[in-house]
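entry_30.txt (compact mmCIF, N, CA and C atoms)
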# COMPACT_ATOMS: atom_id res chain seq x y z
N MET A 1 -46.33 -127.93 -68.67
CA MET A 1 -46.63 -128.23 -70.06
C MET A 1 -48.14 -128.49 -70.23
N LEU A 2 -48.72 -129.21 -69.28
CA LEU A 2 -50.15 -129.50 -69.35
C LEU A 2 -50.97 -128.22 -69.22
N LEU A 3 -50.51 -127.30 -68.38
CA LEU A 3 -51.21 -126.02 -68.22
C LEU A 3 -51.20 -125.20 -69.51
N GLU A 4 -50.14 -125.30 -70.27
CA GLU A 4 -50.07 -124.58 -71.55
C GLU A 4 -51.15 -125.09 -72.50
N HIS A 5 -51.33 -126.41 -72.54
CA HIS A 5 -52.36 -126.98 -73.39
C HIS A 5 -53.76 -126.63 -72.88
N ILE A 6 -53.95 -126.65 -71.57
CA ILE A 6 -55.24 -126.27 -71.00
C ILE A 6 -55.58 -124.83 -71.35
N ASN A 7 -54.62 -123.94 -71.17
CA ASN A 7 -54.82 -122.53 -71.52
C ASN A 7 -55.12 -122.37 -73.00
N ASP A 8 -54.41 -123.11 -73.84
CA ASP A 8 -54.62 -123.00 -75.29
C ASP A 8 -56.02 -123.48 -75.68
N ILE A 9 -56.46 -124.61 -75.15
CA ILE A 9 -57.79 -125.14 -75.46
C ILE A 9 -58.86 -124.18 -74.96
N HIS A 10 -58.69 -123.67 -73.76
CA HIS A 10 -59.67 -122.75 -73.19
C HIS A 10 -59.73 -121.45 -73.99
N ARG A 11 -58.58 -120.94 -74.40
CA ARG A 11 -58.53 -119.70 -75.17
C ARG A 11 -59.17 -119.88 -76.55
N ARG A 12 -58.92 -121.03 -77.19
CA ARG A 12 -59.50 -121.30 -78.51
C ARG A 12 -61.02 -121.47 -78.45
N SER A 13 -61.55 -121.84 -77.28
CA SER A 13 -63.00 -121.99 -77.13
C SER A 13 -63.65 -120.65 -76.78
N ARG A 14 -62.92 -119.57 -76.91
CA ARG A 14 -63.39 -118.23 -76.54
C ARG A 14 -63.75 -118.17 -75.06
N ARG A 15 -62.97 -118.92 -74.26
CA ARG A 15 -63.09 -118.96 -72.80
C ARG A 15 -64.44 -119.48 -72.33
N ILE A 16 -65.01 -120.43 -73.09
CA ILE A 16 -66.31 -121.01 -72.76
C ILE A 16 -66.14 -122.37 -72.10
N TYR A 17 -65.22 -123.20 -72.58
CA TYR A 17 -65.10 -124.58 -72.14
C TYR A 17 -64.75 -124.69 -70.66
N GLY A 18 -65.40 -125.63 -70.00
CA GLY A 18 -65.06 -125.99 -68.63
C GLY A 18 -64.19 -127.24 -68.65
N SER A 19 -64.03 -127.84 -67.48
CA SER A 19 -63.10 -128.97 -67.37
C SER A 19 -63.49 -130.19 -68.21
N PRO A 20 -64.79 -130.56 -68.37
CA PRO A 20 -65.08 -131.73 -69.20
C PRO A 20 -64.66 -131.56 -70.66
N ARG A 21 -64.92 -130.40 -71.22
CA ARG A 21 -64.57 -130.17 -72.62
C ARG A 21 -63.07 -129.97 -72.80
N VAL A 22 -62.44 -129.33 -71.82
CA VAL A 22 -60.99 -129.18 -71.89
C VAL A 22 -60.33 -130.55 -71.82
N LYS A 23 -60.86 -131.43 -70.96
CA LYS A 23 -60.34 -132.80 -70.86
C LYS A 23 -60.49 -133.52 -72.19
N ALA A 24 -61.63 -133.33 -72.86
CA ALA A 24 -61.84 -133.96 -74.17
C ALA A 24 -60.84 -133.40 -75.19
N GLY A 25 -60.55 -132.12 -75.11
CA GLY A 25 -59.56 -131.52 -76.00
C GLY A 25 -58.17 -132.07 -75.75
N LEU A 26 -57.85 -132.30 -74.48
CA LEU A 26 -56.55 -132.89 -74.16
C LEU A 26 -56.47 -134.33 -74.66
N ALA A 27 -57.58 -135.06 -74.55
CA ALA A 27 -57.61 -136.44 -75.05
C ALA A 27 -57.41 -136.47 -76.56
N ALA A 28 -57.97 -135.48 -77.26
CA ALA A 28 -57.79 -135.40 -78.71
C ALA A 28 -56.34 -135.12 -79.07
N ARG A 29 -55.64 -134.47 -78.17
CA ARG A 29 -54.22 -134.19 -78.40
C ARG A 29 -53.32 -135.33 -77.92
N GLY A 30 -53.92 -136.38 -77.36
CA GLY A 30 -53.14 -137.54 -76.96
C GLY A 30 -52.77 -137.60 -75.50
N TYR A 31 -53.32 -136.72 -74.66
CA TYR A 31 -53.02 -136.72 -73.23
C TYR A 31 -54.09 -137.51 -72.48
N ARG A 32 -53.66 -138.41 -71.62
CA ARG A 32 -54.58 -139.16 -70.77
C ARG A 32 -54.54 -138.52 -69.39
N VAL A 33 -55.58 -137.80 -69.07
CA VAL A 33 -55.64 -137.08 -67.80
C VAL A 33 -57.09 -137.08 -67.34
N GLY A 34 -57.30 -137.09 -66.02
CA GLY A 34 -58.65 -137.13 -65.47
C GLY A 34 -59.30 -135.76 -65.44
N ARG A 35 -60.63 -135.75 -65.41
CA ARG A 35 -61.38 -134.49 -65.38
C ARG A 35 -61.10 -133.73 -64.09
N LYS A 36 -60.98 -134.45 -62.98
CA LYS A 36 -60.75 -133.78 -61.70
C LYS A 36 -59.38 -133.09 -61.67
N ARG A 37 -58.41 -133.70 -62.30
CA ARG A 37 -57.08 -133.07 -62.37
C ARG A 37 -57.15 -131.81 -63.22
N VAL A 38 -57.84 -131.90 -64.35
CA VAL A 38 -58.00 -130.73 -65.21
C VAL A 38 -58.74 -129.63 -64.44
N ALA A 39 -59.79 -130.00 -63.72
CA ALA A 39 -60.56 -129.02 -62.95
C ALA A 39 -59.69 -128.37 -61.87
N ARG A 40 -58.87 -129.18 -61.21
CA ARG A 40 -57.99 -128.65 -60.17
C ARG A 40 -56.96 -127.68 -60.75
N LEU A 41 -56.36 -128.05 -61.88
CA LEU A 41 -55.38 -127.17 -62.51
C LEU A 41 -56.03 -125.88 -63.01
N MET A 42 -57.25 -126.01 -63.55
CA MET A 42 -57.95 -124.81 -64.01
C MET A 42 -58.28 -123.90 -62.83
N GLN A 43 -58.66 -124.48 -61.69
CA GLN A 43 -59.00 -123.68 -60.52
C GLN A 43 -57.76 -122.96 -59.99
N ILE A 44 -56.62 -123.65 -59.96
CA ILE A 44 -55.38 -123.04 -59.48
C ILE A 44 -55.00 -121.85 -60.35
N GLU A 45 -55.20 -121.99 -61.66
CA GLU A 45 -54.85 -120.91 -62.59
C GLU A 45 -55.92 -119.84 -62.71
N GLY A 46 -57.08 -120.08 -62.12
CA GLY A 46 -58.16 -119.09 -62.21
C GLY A 46 -58.92 -119.15 -63.52
N ILE A 47 -58.88 -120.30 -64.19
CA ILE A 47 -59.56 -120.48 -65.46
C ILE A 47 -60.94 -121.04 -65.17
N ARG A 48 -61.97 -120.40 -65.71
CA ARG A 48 -63.33 -120.85 -65.47
C ARG A 48 -64.09 -120.91 -66.79
N GLY A 49 -64.93 -121.93 -66.90
CA GLY A 49 -65.82 -122.02 -68.05
C GLY A 49 -66.99 -121.08 -67.85
N ARG A 50 -67.66 -120.78 -68.93
CA ARG A 50 -68.81 -119.89 -68.85
C ARG A 50 -70.07 -120.73 -68.89
N SER A 51 -70.99 -120.49 -67.97
CA SER A 51 -72.22 -121.27 -67.95
C SER A 51 -73.20 -120.74 -68.99
N ALA A 52 -74.16 -121.58 -69.32
CA ALA A 52 -75.15 -121.23 -70.33
C ALA A 52 -76.03 -120.08 -69.84
N ASP A 53 -76.56 -119.33 -70.77
CA ASP A 53 -77.46 -118.25 -70.41
C ASP A 53 -78.75 -118.83 -69.84
N LEU A 54 -79.28 -118.15 -68.84
CA LEU A 54 -80.53 -118.59 -68.24
C LEU A 54 -81.70 -118.15 -69.10
N TYR A 55 -82.79 -118.88 -69.00
CA TYR A 55 -84.00 -118.53 -69.74
C TYR A 55 -84.81 -117.54 -68.91
N TYR A 56 -85.22 -116.46 -69.51
CA TYR A 56 -86.06 -115.49 -68.84
C TYR A 56 -87.39 -115.41 -69.59
N ALA A 57 -88.48 -115.56 -68.86
CA ALA A 57 -89.80 -115.50 -69.47
C ALA A 57 -90.11 -114.06 -69.89
N SER A 58 -90.81 -113.92 -70.98
CA SER A 58 -91.20 -112.61 -71.44
C SER A 58 -92.41 -112.13 -70.64
N PRO A 59 -92.42 -110.90 -70.21
CA PRO A 59 -93.57 -110.41 -69.45
C PRO A 59 -94.80 -110.31 -70.33
N GLY A 60 -95.94 -110.61 -69.78
CA GLY A 60 -97.19 -110.48 -70.51
C GLY A 60 -97.66 -111.75 -71.17
N LEU A 61 -96.86 -112.81 -71.13
CA LEU A 61 -97.28 -114.05 -71.78
C LEU A 61 -98.41 -114.73 -71.01
N ASP A 62 -98.42 -114.58 -69.69
CA ASP A 62 -99.47 -115.20 -68.89
C ASP A 62 -100.84 -114.68 -69.30
N ALA A 63 -100.95 -113.41 -69.53
CA ALA A 63 -102.25 -112.82 -69.88
C ALA A 63 -102.70 -113.34 -71.25
N ARG A 64 -101.79 -113.49 -72.17
CA ARG A 64 -102.14 -113.94 -73.52
C ARG A 64 -102.62 -115.40 -73.50
N TYR A 65 -101.94 -116.24 -72.74
CA TYR A 65 -102.28 -117.66 -72.74
C TYR A 65 -103.38 -118.01 -71.75
N SER A 66 -103.71 -117.15 -70.82
CA SER A 66 -104.77 -117.46 -69.88
C SER A 66 -106.14 -117.41 -70.56
N GLU A 67 -106.25 -116.75 -71.70
CA GLU A 67 -107.51 -116.66 -72.43
C GLU A 67 -107.82 -117.93 -73.22
N ILE A 68 -106.83 -118.77 -73.45
CA ILE A 68 -107.02 -120.00 -74.22
C ILE A 68 -107.59 -121.06 -73.30
N PRO A 69 -108.72 -121.67 -73.66
CA PRO A 69 -109.31 -122.67 -72.77
C PRO A 69 -108.46 -123.94 -72.71
N ASN A 70 -108.59 -124.67 -71.61
CA ASN A 70 -107.86 -125.90 -71.43
C ASN A 70 -108.59 -127.01 -72.16
N ARG A 71 -108.04 -127.48 -73.27
CA ARG A 71 -108.69 -128.47 -74.10
C ARG A 71 -108.73 -129.84 -73.42
N ALA A 72 -107.77 -130.13 -72.54
CA ALA A 72 -107.73 -131.42 -71.88
C ALA A 72 -108.96 -131.61 -70.99
N ARG A 73 -109.42 -130.56 -70.34
CA ARG A 73 -110.61 -130.66 -69.49
C ARG A 73 -111.86 -130.88 -70.31
N GLU A 74 -111.93 -130.24 -71.48
CA GLU A 74 -113.12 -130.38 -72.33
C GLU A 74 -113.24 -131.80 -72.87
N ILE A 75 -112.10 -132.43 -73.20
CA ILE A 75 -112.11 -133.77 -73.75
C ILE A 75 -112.46 -134.79 -72.67
N ALA A 76 -111.98 -134.58 -71.44
CA ALA A 76 -112.18 -135.52 -70.34
C ALA A 76 -113.64 -135.57 -69.89
N THR A 77 -114.36 -134.48 -70.03
CA THR A 77 -115.74 -134.47 -69.54
C THR A 77 -116.74 -134.84 -70.60
Using structure tokens, write down the structure from this file.
Amino acid sequence: MLLEHINDIHRRSRRIYGSPRVKAGLAARGYRVGRKRVARLMQIEGIRGRSADLYYASPGLDARYSEIPNRAREIAT
């Protein structure tokens, strides 16, 4: 029964939520369950949250900003 709720919460989050948010969703539904138990059940079922996108620097920014003088050095001297 708990797995049905975990699957439902995870599916409604567009398969983004991991165990902390799924646990919060279960708490909102009135279930008192630990995060580690939710994580274990999710792992057994093969349910995984999606991690945030990584930041990638744009190429060529170093050249643009290297021309700007360091104002902190000018003020200190």
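Distance-wise, atom C of Arg21 of chain A and atom N of Ile44 of chain A end up 15.7 Å apart.
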task = Counting only C-alpha atoms, figure out which residue out of A:Gly46, A:Ala52, A:Met1, A:Lys36 gets nearest to Ser19 of chain A.
result = A:Lys36
request  = Taking the DSSP assignment computed from this structure's backbone, write out as an MDAnalysis selection string all residues of segment 16-56 of chain A that belong to helix (DSSP H, G or I).
outcome  = chainID A and resid 19:28 35:45
query = Do you have the atom CA of Arg32 of chain A-atom N of Asp53 of chain A distance handy?
reply = 29.6 Å
key: atom CA of Val22 of chain A to atom CA of Asp8 of chain A, straight-line distance in Å   = 9.5 Å
Produce the centre coordinates and the three edge lengths, each in Å to one decimal, of the box along x, y and z that contains all listed atoms of segment 25-40 of chain A with 5 Å added on each side, as lines of an AutoDock Vina configuration file.
center_x = -57.1
center_y = -133.4
center_z = -69.6
size_x = 18.6
size_y = 21.5
size_z = 28.9
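Taking only N, CA and C atoms into account, Leu3 of chain A lies nearest to A:Leu41 out of the set A:Ala27, A:Leu54, A:Leu41, A:Ile47.
Remark: for Glu4 of chain A, the closest of the candidate residues A:Ser51, A:Gly18, A:Met42, A:Val33 is A:Met42 (distances computed over only C-alpha atoms).
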Would you please take segment 2-42 of chain A of the structure in the block above and write N, CA and C atoms to a file as a CSV table (one decimal), in the first residue's frame?
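And here's part05.csv as it stands now:
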chain,number,residue,atom,x,y,z
A,2,LEU,N,2.0,1.2,0.8
A,2,LEU,CA,2.9,2.4,0.9
A,2,LEU,C,3.5,2.6,-0.5
A,3,LEU,N,3.9,1.5,-1.2
A,3,LEU,CA,4.5,1.6,-2.5
A,3,LEU,C,3.6,2.2,-3.5
A,4,GLU,N,2.3,2.0,-3.4
A,4,GLU,CA,1.4,2.6,-4.3
A,4,GLU,C,1.4,4.1,-4.2
A,5,HIS,N,1.4,4.6,-2.9
A,5,HIS,CA,1.5,6.0,-2.7
A,5,HIS,C,2.8,6.6,-3.1
A,6,ILE,N,3.9,5.9,-2.9
A,6,ILE,CA,5.2,6.4,-3.3
A,6,ILE,C,5.2,6.5,-4.8
A,7,ASN,N,4.7,5.5,-5.5
A,7,ASN,CA,4.7,5.6,-7.0
A,7,ASN,C,3.8,6.7,-7.5
A,8,ASP,N,2.6,6.9,-6.8
A,8,ASP,CA,1.7,8.0,-7.2
A,8,ASP,C,2.4,9.4,-7.0
A,9,ILE,N,3.0,9.6,-5.9
A,9,ILE,CA,3.7,10.9,-5.6
A,9,ILE,C,4.8,11.1,-6.6
A,10,HIS,N,5.6,10.1,-6.9
A,10,HIS,CA,6.7,10.2,-7.8
A,10,HIS,C,6.2,10.5,-9.2
A,11,ARG,N,5.1,9.8,-9.6
A,11,ARG,CA,4.6,10.0,-11.0
A,11,ARG,C,4.0,11.4,-11.1
A,12,ARG,N,3.3,11.9,-10.1
A,12,ARG,CA,2.7,13.2,-10.1
A,12,ARG,C,3.8,14.3,-10.2
A,13,SER,N,5.0,14.0,-9.7
A,13,SER,CA,6.1,15.0,-9.7
A,13,SER,C,6.8,15.0,-11.1
A,14,ARG,N,6.2,14.3,-12.0
A,14,ARG,CA,6.9,14.0,-13.3
A,14,ARG,C,8.2,13.3,-13.2
A,15,ARG,N,8.3,12.4,-12.2
A,15,ARG,CA,9.4,11.6,-11.9
A,15,ARG,C,10.7,12.4,-11.5
A,16,ILE,N,10.4,13.5,-10.8
A,16,ILE,CA,11.5,14.3,-10.4
A,16,ILE,C,11.9,14.1,-8.9
A,17,TYR,N,10.9,13.9,-8.1
A,17,TYR,CA,11.1,13.9,-6.6
A,17,TYR,C,11.9,12.7,-6.2
A,18,GLY,N,12.8,12.9,-5.3
A,18,GLY,CA,13.6,11.9,-4.6
A,18,GLY,C,12.9,11.6,-3.3
A,19,SER,N,13.7,10.8,-2.4
A,19,SER,CA,13.1,10.3,-1.2
A,19,SER,C,12.7,11.4,-0.2
A,20,PRO,N,13.4,12.6,-0.1
A,20,PRO,CA,13.0,13.6,0.9
A,20,PRO,C,11.6,14.2,0.5
A,21,ARG,N,11.4,14.5,-0.8
A,21,ARG,CA,10.1,15.1,-1.2
A,21,ARG,C,9.0,14.1,-1.2
A,22,VAL,N,9.3,12.8,-1.5
A,22,VAL,CA,8.3,11.8,-1.5
A,22,VAL,C,7.9,11.6,-0.1
A,23,LYS,N,8.8,11.6,0.9
A,23,LYS,CA,8.5,11.5,2.3
A,23,LYS,C,7.6,12.6,2.7
A,24,ALA,N,7.9,13.8,2.3
A,24,ALA,CA,7.0,15.0,2.6
A,24,ALA,C,5.6,14.8,2.0
A,25,GLY,N,5.5,14.2,0.8
A,25,GLY,CA,4.2,14.0,0.2
A,25,GLY,C,3.4,12.9,1.0
A,26,LEU,N,4.2,11.9,1.5
A,26,LEU,CA,3.5,10.9,2.3
A,26,LEU,C,3.0,11.5,3.7
A,27,ALA,N,3.8,12.4,4.2
A,27,ALA,CA,3.4,13.1,5.5
A,27,ALA,C,2.2,13.9,5.3
A,28,ALA,N,2.1,14.6,4.1
A,28,ALA,CA,0.9,15.4,3.8
A,28,ALA,C,-0.3,14.5,3.7
A,29,ARG,N,-0.1,13.2,3.3
A,29,ARG,CA,-1.2,12.3,3.2
A,29,ARG,C,-1.5,11.6,4.5
A,30,GLY,N,-0.8,11.9,5.5
A,30,GLY,CA,-1.0,11.3,6.9
A,30,GLY,C,-0.2,10.1,7.2
A,31,TYR,N,0.8,9.8,6.4
A,31,TYR,CA,1.7,8.6,6.8
A,31,TYR,C,2.9,9.1,7.5
A,32,ARG,N,3.2,8.4,8.6
A,32,ARG,CA,4.4,8.7,9.3
A,32,ARG,C,5.5,7.6,9.0
A,33,VAL,N,6.4,8.0,8.2
A,33,VAL,CA,7.4,7.1,7.7
A,33,VAL,C,8.7,7.8,7.6
A,34,GLY,N,9.9,7.1,7.8
A,34,GLY,CA,11.2,7.8,7.7
A,34,GLY,C,11.7,7.9,6.3
A,35,ARG,N,12.6,8.8,6.1
A,35,ARG,CA,13.2,9.1,4.8
A,35,ARG,C,14.0,7.8,4.3
A,36,LYS,N,14.7,7.2,5.2
A,36,LYS,CA,15.5,6.0,4.9
A,36,LYS,C,14.6,4.9,4.4
A,37,ARG,N,13.5,4.7,5.0
A,37,ARG,CA,12.5,3.7,4.6
A,37,ARG,C,12.0,4.0,3.2
A,38,VAL,N,11.6,5.2,3.0
A,38,VAL,CA,11.2,5.6,1.7
A,38,VAL,C,12.3,5.4,0.6
A,39,ALA,N,13.5,5.8,1.0
A,39,ALA,CA,14.6,5.6,0.0
A,39,ALA,C,14.8,4.2,-0.3
A,40,ARG,N,14.7,3.3,0.7
A,40,ARG,CA,14.9,1.9,0.5
A,40,ARG,C,13.9,1.3,-0.4
A,41,LEU,N,12.6,1.7,-0.1
A,41,LEU,CA,11.5,1.2,-0.9
A,41,LEU,C,11.6,1.7,-2.4
A,42,MET,N,12.0,2.9,-2.5
A,42,MET,CA,12.2,3.5,-3.9
A,42,MET,C,13.3,2.7,-4.6
